[in-house]
file coords.tsv (TSV, C-alpha atoms)
chain	number	residue	atom	x	y	z
A	15	MET	CA	-13.55	91.99	21.26
A	16	GLU	CA	-10.34	91.91	23.32
A	17	LYS	CA	-10.42	95.68	23.91
A	18	ARG	CA	-14.18	95.73	24.60
A	19	ILE	CA	-13.91	92.97	27.22
A	20	ALA	CA	-10.82	94.59	28.77
A	21	LYS	CA	-12.68	97.88	29.05
A	22	ASP	CA	-15.62	96.08	30.68
A	23	LEU	CA	-13.42	94.28	33.23
A	24	LEU	CA	-11.72	97.54	34.18
A	25	SER	CA	-14.98	99.47	34.43
A	26	ILE	CA	-16.52	97.08	37.00
A	27	GLY	CA	-13.31	96.54	38.97
A	28	ALA	CA	-13.06	92.87	38.02
A	29	VAL	CA	-9.47	93.66	37.05
A	30	PHE	CA	-7.77	96.27	39.19
A	31	LEU	CA	-4.35	97.78	38.44
A	32	ARG	CA	-2.27	99.26	41.24
A	33	PRO	CA	1.40	99.37	40.15
A	34	ASN	CA	2.44	101.79	42.91
A	35	GLU	CA	0.79	99.77	45.68
A	36	PRO	CA	1.25	96.13	44.62
A	37	PHE	CA	-1.00	93.34	45.80
A	38	THR	CA	0.58	90.24	47.36
A	39	TRP	CA	-0.45	86.91	45.88
A	40	ALA	CA	-0.70	83.74	47.98
A	41	SER	CA	2.63	82.68	46.44
A	42	GLY	CA	4.28	85.79	47.90
A	43	ILE	CA	4.70	87.46	44.52
A	44	ARG	CA	4.00	91.18	44.57
A	45	SER	CA	1.71	92.05	41.70
A	46	PRO	CA	0.40	95.27	40.14
A	47	ILE	CA	-2.83	93.51	39.16
A	48	TYR	CA	-5.72	91.90	41.00
A	49	CYS	CA	-8.35	89.93	39.11
A	50	ASP	CA	-11.78	88.85	40.37
A	51	ASN	CA	-13.94	87.85	37.42
A	52	ARG	CA	-16.71	86.72	39.77
A	53	LEU	CA	-17.79	90.37	39.77
A	54	ILE	CA	-18.93	89.91	36.17
A	55	LEU	CA	-21.92	87.96	37.46
A	56	SER	CA	-23.14	91.01	39.40
A	57	GLU	CA	-23.13	93.32	36.35
A	58	PRO	CA	-25.90	92.31	33.90
A	59	GLU	CA	-24.73	94.36	30.88
A	60	VAL	CA	-21.13	93.24	31.16
A	61	ARG	CA	-22.23	89.70	31.98
A	62	ASP	CA	-24.32	89.57	28.79
A	63	ARG	CA	-21.37	90.69	26.66
A	64	VAL	CA	-18.96	88.25	28.29
A	65	GLU	CA	-21.26	85.24	27.99
A	66	GLN	CA	-22.12	86.08	24.39
A	67	ALA	CA	-18.39	86.44	23.64
A	68	ILE	CA	-17.73	83.03	25.21
A	69	ALA	CA	-20.52	81.48	23.14
A	70	ASP	CA	-19.32	83.17	19.94
A	71	THR	CA	-15.75	82.01	20.59
A	72	VAL	CA	-16.86	78.42	21.13
A	73	LYS	CA	-18.84	78.48	17.86
A	74	LYS	CA	-15.97	80.02	15.91
A	75	ARG	CA	-12.96	78.18	17.36
A	76	TYR	CA	-14.56	74.86	18.36
A	77	PRO	CA	-17.54	74.36	16.01
A	78	GLU	CA	-17.67	70.60	16.72
A	79	CYS	CA	-18.18	71.18	20.48
A	80	GLU	CA	-20.89	68.99	22.06
A	81	SER	CA	-20.71	70.12	25.69
A	82	LEU	CA	-19.22	72.81	27.94
A	83	MET	CA	-17.39	71.97	31.16
A	84	GLY	CA	-16.78	74.67	33.76
A	85	THR	CA	-13.85	74.79	36.15
A	86	SER	CA	-14.72	74.74	39.83
A	87	THR	CA	-15.77	77.12	41.08
A	88	ALA	CA	-15.31	80.31	39.09
A	89	GLY	CA	-15.94	78.79	35.66
A	90	ILE	CA	-19.21	77.05	36.55
A	91	ALA	CA	-21.59	79.99	36.16
A	92	HIS	CA	-19.95	81.16	32.94
A	93	ALA	CA	-20.15	77.66	31.47
A	94	ALA	CA	-23.84	77.43	32.41
A	95	LEU	CA	-24.76	80.80	30.92
A	96	ALA	CA	-22.82	80.25	27.70
A	97	ALA	CA	-24.22	76.72	27.35
A	98	ASN	CA	-27.71	78.17	27.61
A	99	ILE	CA	-26.96	80.55	24.73
A	100	LEU	CA	-25.54	77.71	22.66
A	101	ARG	CA	-28.24	75.22	23.71
A	102	LEU	CA	-25.55	72.74	24.71
A	103	PRO	CA	-25.21	70.38	27.68
A	104	MET	CA	-23.06	71.62	30.54
A	105	GLY	CA	-21.21	70.17	33.50
A	106	TYR	CA	-18.28	71.03	35.70
A	107	VAL	CA	-15.13	69.52	37.16
A	108	ARG	CA	-14.31	69.61	40.85
A	109	SER	CA	-10.78	70.23	42.09
A	110	GLY	CA	-10.95	66.71	43.53
A	111	ALA	CA	-13.38	63.82	43.83
A	112	LYS	CA	-16.10	64.06	46.49
A	113	ASP	CA	-15.53	62.04	49.64
A	114	HIS	CA	-19.17	60.95	49.79
A	115	GLY	CA	-22.02	59.76	47.57
A	116	ARG	CA	-20.78	58.61	44.18
A	117	ALA	CA	-17.38	60.27	44.76
A	118	ASN	CA	-17.69	62.21	41.51
A	119	GLN	CA	-15.08	64.66	40.32
A	120	ILE	CA	-16.97	65.41	37.11
A	121	GLU	CA	-20.55	66.57	37.56
A	122	GLY	CA	-23.03	66.37	34.71
A	123	LYS	CA	-23.45	63.82	31.94
A	124	LEU	CA	-20.24	62.85	30.18
A	125	SER	CA	-19.74	59.89	27.85
A	126	ALA	CA	-16.51	58.56	26.39
A	127	GLY	CA	-15.70	60.38	23.17
A	128	ASP	CA	-17.77	63.49	23.96
A	129	ARG	CA	-16.18	66.58	22.41
A	130	VAL	CA	-16.02	69.19	25.15
A	131	VAL	CA	-14.70	72.70	25.70
A	132	VAL	CA	-13.55	73.84	29.13
A	133	ILE	CA	-14.69	77.27	30.35
A	134	GLU	CA	-12.28	79.04	32.72
A	135	ASP	CA	-12.41	82.55	34.16
A	136	LEU	CA	-8.68	83.21	34.60
A	137	ILE	CA	-5.40	81.63	33.50
A	138	SER	CA	-2.07	82.52	35.07
A	139	THR	CA	0.40	79.62	35.17
A	140	GLY	CA	-2.12	77.19	33.66
A	141	GLY	CA	-1.87	74.52	36.36
A	142	SER	CA	-5.50	74.48	37.46
A	143	VAL	CA	-7.04	74.30	34.00
A	144	ILE	CA	-4.58	71.60	32.91
A	145	GLU	CA	-5.71	69.48	35.89
A	146	VAL	CA	-9.32	69.88	34.71
A	147	VAL	CA	-8.42	68.88	31.16
A	148	GLU	CA	-6.51	65.84	32.42
A	149	ALA	CA	-9.49	64.73	34.55
A	150	LEU	CA	-11.79	64.99	31.53
A	151	ARG	CA	-9.34	63.13	29.31
A	152	ALA	CA	-9.05	60.37	31.93
A	153	ALA	CA	-12.84	60.04	31.80
A	154	GLY	CA	-12.68	59.52	28.03
A	155	ALA	CA	-13.65	63.01	26.85
A	156	ASP	CA	-12.18	64.56	23.71
A	157	VAL	CA	-11.15	67.96	25.07
A	158	LEU	CA	-11.09	70.34	22.11
A	159	GLY	CA	-9.65	73.20	24.14
A	160	VAL	CA	-10.34	75.99	26.59
A	161	VAL	CA	-12.12	79.32	26.42
A	162	SER	CA	-11.04	81.67	29.22
A	163	ILE	CA	-12.13	85.20	30.02
A	164	PHE	CA	-8.70	86.56	30.89
A	165	THR	CA	-5.11	85.34	30.69
A	166	TYR	CA	-1.95	86.88	32.06
A	167	ASN	CA	0.00	85.71	28.98
A	168	MET	CA	2.80	84.57	31.29
A	169	GLN	CA	5.41	82.51	29.48
A	170	LYS	CA	5.26	79.80	32.15
A	171	GLY	CA	1.56	79.39	31.52
A	172	LEU	CA	1.93	79.37	27.75
A	173	ASP	CA	4.69	76.75	27.98
A	174	ARG	CA	2.71	74.51	30.32
A	175	LEU	CA	-0.40	74.61	28.14
A	176	LYS	CA	1.65	73.77	25.06
A	177	GLU	CA	3.41	70.90	26.81
A	178	ALA	CA	0.05	69.50	27.95
A	179	GLY	CA	-1.39	69.82	24.45
A	180	VAL	CA	-4.07	72.25	25.59
A	181	LYS	CA	-5.33	74.98	23.28
A	182	ASN	CA	-6.62	78.12	25.01
A	183	VAL	CA	-8.50	81.05	23.53
A	184	SER	CA	-8.99	84.04	25.84
A	185	LEU	CA	-11.50	86.84	25.43
A	186	THR	CA	-8.82	89.31	26.50
A	187	ASN	CA	-5.34	89.30	28.00
A	188	PHE	CA	-2.85	91.20	30.13
A	189	ASP	CA	-1.19	93.05	27.24
A	190	VAL	CA	-4.47	94.35	25.83
A	191	LEU	CA	-5.71	95.26	29.29
A	192	ALA	CA	-2.57	97.29	30.06
A	193	GLU	CA	-2.98	99.17	26.78
A	194	VAL	CA	-6.67	99.90	27.40
A	195	ALA	CA	-5.97	100.91	31.02
A	196	ALA	CA	-3.55	103.58	29.79
A	197	GLU	CA	-5.95	104.77	27.07
A	198	GLU	CA	-8.81	105.05	29.58
A	199	GLY	CA	-6.73	106.78	32.26
A	200	TYR	CA	-6.65	103.99	34.82
A	201	VAL	CA	-2.83	104.13	34.85
A	202	PRO	CA	-0.31	106.59	33.37
A	203	LYS	CA	0.91	105.58	29.91
A	204	GLU	CA	4.47	105.34	31.21
A	205	ASP	CA	3.34	102.51	33.55
A	206	VAL	CA	2.51	100.17	30.66
A	207	ARG	CA	6.16	99.22	30.27
A	208	ARG	CA	6.36	98.40	33.98
A	209	LEU	CA	3.27	96.22	33.73
A	210	ILE	CA	4.69	94.28	30.79
A	211	ARG	CA	7.97	93.78	32.68
A	212	PHE	CA	5.97	92.21	35.51
A	213	ARG	CA	4.17	89.95	33.04
A	214	ASP	CA	7.49	88.87	31.54
A	215	ASN	CA	8.90	87.81	34.92
A	216	PRO	CA	6.59	88.07	37.95
A	217	SER	CA	9.33	86.91	40.33
A	218	ASP	CA	11.62	89.82	39.39
A	219	GLU	CA	10.54	92.84	41.44
A	220	SER	CA	12.65	95.30	39.45
A	221	TRP	CA	9.48	96.37	37.62
A	222	MET	CA	8.48	98.25	40.79
A	223	LYS	CA	11.47	100.62	40.57
call {"tool": "encode", "arguments": {"input": "coords.tsv", "output": "structure tokens"}}
result
Amino acid sequence: MEKRIAKDLLSIGAVFLRPNEPFTWASGIRSPIYCDNRLILSEPEVRDRVEQAIADTVKKRYPECESLMGTSTAGIAHAALAANILRLPMGYVRSGAKDHGRANQIEGKLSAGDRVVVIEDLISTGGSVIEVVEALRAAGADVLGVVSIFTYNMQKGLDRLKEAGVKNVSLTNFDVLAEVAAEEGYVPKEDVRRLIRFRDNPSDESWMK
């Protein structure tokens, strides 16, 4: 599954590798990779495989799940589509409470003790998804874990998730994607080592040399 999803993400440009012309993240870090999993929604065949993989992963890894909760905004559509496959309730968590109406941060029905799984499109340092988990826990939910489409496998992210007691299962990850990209000719095979060096320490720009 990891290689199939990686191949799909590369084929539709949802994940784009450019080690010789790095992208600049908002943090200022220069990166050989750009990820926009929103493009999955525009590609029906890939979308079907991704949503089925999310549903299968929830059933296998979190069989006691009672509801899916998407992260705002990128995880909402994926949570809705996977919940439809699983015939489960679905909701989503805003980045902050609304400043009008009922001032909700969590949208959709949620009762104390509900066993939920969070659906996220992308995990880098883990901060955003941890905030979602904490909001759900504060509302009384039993958060079983997270299913994400792609993770960078950065050590900082892995450490933060572990410290927060959050289990994440990703459909694919940076290491697999780099391997598939070389196999499929998206990057030269000798660039894989450079990509992994970036993943190991994004702040160290020596990978570009």
call {"tool": "atom_distance", "arguments": {"input": "coords.tsv", "atom1": "CA of Met168 (chain A)", "atom2": "CA of Ser81 (chain A)"}}
result
28.2 Å
call {"tool": "atom_distance", "arguments": {"input": "coords.tsv", "atom1": "CA of Ser56 (chain A)", "atom2": "CA of Leu209 (chain A)"}}
result
27.5 Å
call {"tool": "residues_around", "arguments": {"input": "coords.tsv", "residues": "Met83 (chain A)", "least_positions_apart": "6", "cutoff": "10 Å", "atoms": "all atoms listed in the file", "output": "number ranges by chain"}}
result
A: 89-90, 92-94, 97, 103-107, 120-122, 124, 130-134, 146-147, 150, 157, 160
call {"tool": "closest_residue", "arguments": {"input": "coords.tsv", "among": "A:Glu198, A:Glu204, A:Glu145, A:Asp214", "to": "Tyr166 (chain A)", "atoms": "only C-alpha atoms"}}
result
A:Asp214
call {"tool": "closest_residue", "arguments": {"input": "coords.tsv", "among": "A:Arg52, A:Arg211, A:Lys74, A:Arg44", "to": "Asn167 (chain A)", "atoms": "all atoms listed in the file"}}
result
A:Arg211
call {"tool": "residues_around", "arguments": {"input": "coords.tsv", "residues": "Ser109 (chain A)", "least_positions_apart": "3", "cutoff": "9 Å", "atoms": "all atoms listed in the file", "output": "compact mmCIF listing (two decimals) with C-alpha atoms, in the coordinates of the input"}}
result
# COMPACT_ATOMS: atom_id res chain seq x y z
CA THR A 85 -13.85 74.79 36.15
CA SER A 86 -14.72 74.74 39.83
CA THR A 87 -15.77 77.12 41.08
CA GLN A 119 -15.08 64.66 40.32
CA SER A 142 -5.50 74.48 37.46
CA GLU A 145 -5.71 69.48 35.89
CA VAL A 146 -9.32 69.88 34.71
call {"tool": "atom_distance", "arguments": {"input": "coords.tsv", "atom1": "CA of Arg101 (chain A)", "atom2": "CA of Leu175 (chain A)"}}
result
28.2 Å
call {"tool": "closest_residue", "arguments": {"input": "coords.tsv", "among": "A:Leu185, A:Leu136, A:Ser45, A:Pro202", "to": "Val72 (chain A)", "atoms": "all atoms listed in the file"}}
result
A:Leu185
call {"tool": "residues_around", "arguments": {"input": "coords.tsv", "residues": "region 25-40 of chain A", "least_positions_apart": "4", "cutoff": "7 Å", "atoms": "only C-alpha atoms", "output": "list in words"}}
result
Lys21, Arg44, Ser45, Pro46, Ile47, Tyr48, Cys49, Asp50, Asn51, Leu53 and Ile54 of chain A
call {"tool": "residues_around", "arguments": {"input": "coords.tsv", "residues": "Ser125 (chain A)", "least_positions_apart": "2", "cutoff": "8 Å", "atoms": "only C-alpha atoms", "output": "ChimeraX atom specification"}}
result
/A:123,127-128,153-155
call {"tool": "residues_near_point", "arguments": {"input": "coords.tsv", "point": "(-2.9, 98.9, 27.8)", "cutoff": "12 Å", "atoms": "all atoms listed in the file", "output": "JSON, numbers by chain"}}
result
{"A": [16, 17, 20, 21, 24, 31, 186, 187, 188, 189, 190, 191, 192, 193, 194, 195, 196, 197, 198, 199, 200, 201, 202, 203, 204, 205, 206, 207, 208, 209, 210]}
call {"tool": "closest_residue", "arguments": {"input": "coords.tsv", "among": "A:Arg174, A:Arg151, A:Arg18, A:Arg61", "to": "Leu95 (chain A)", "atoms": "all atoms listed in the file"}}
result
A:Arg61
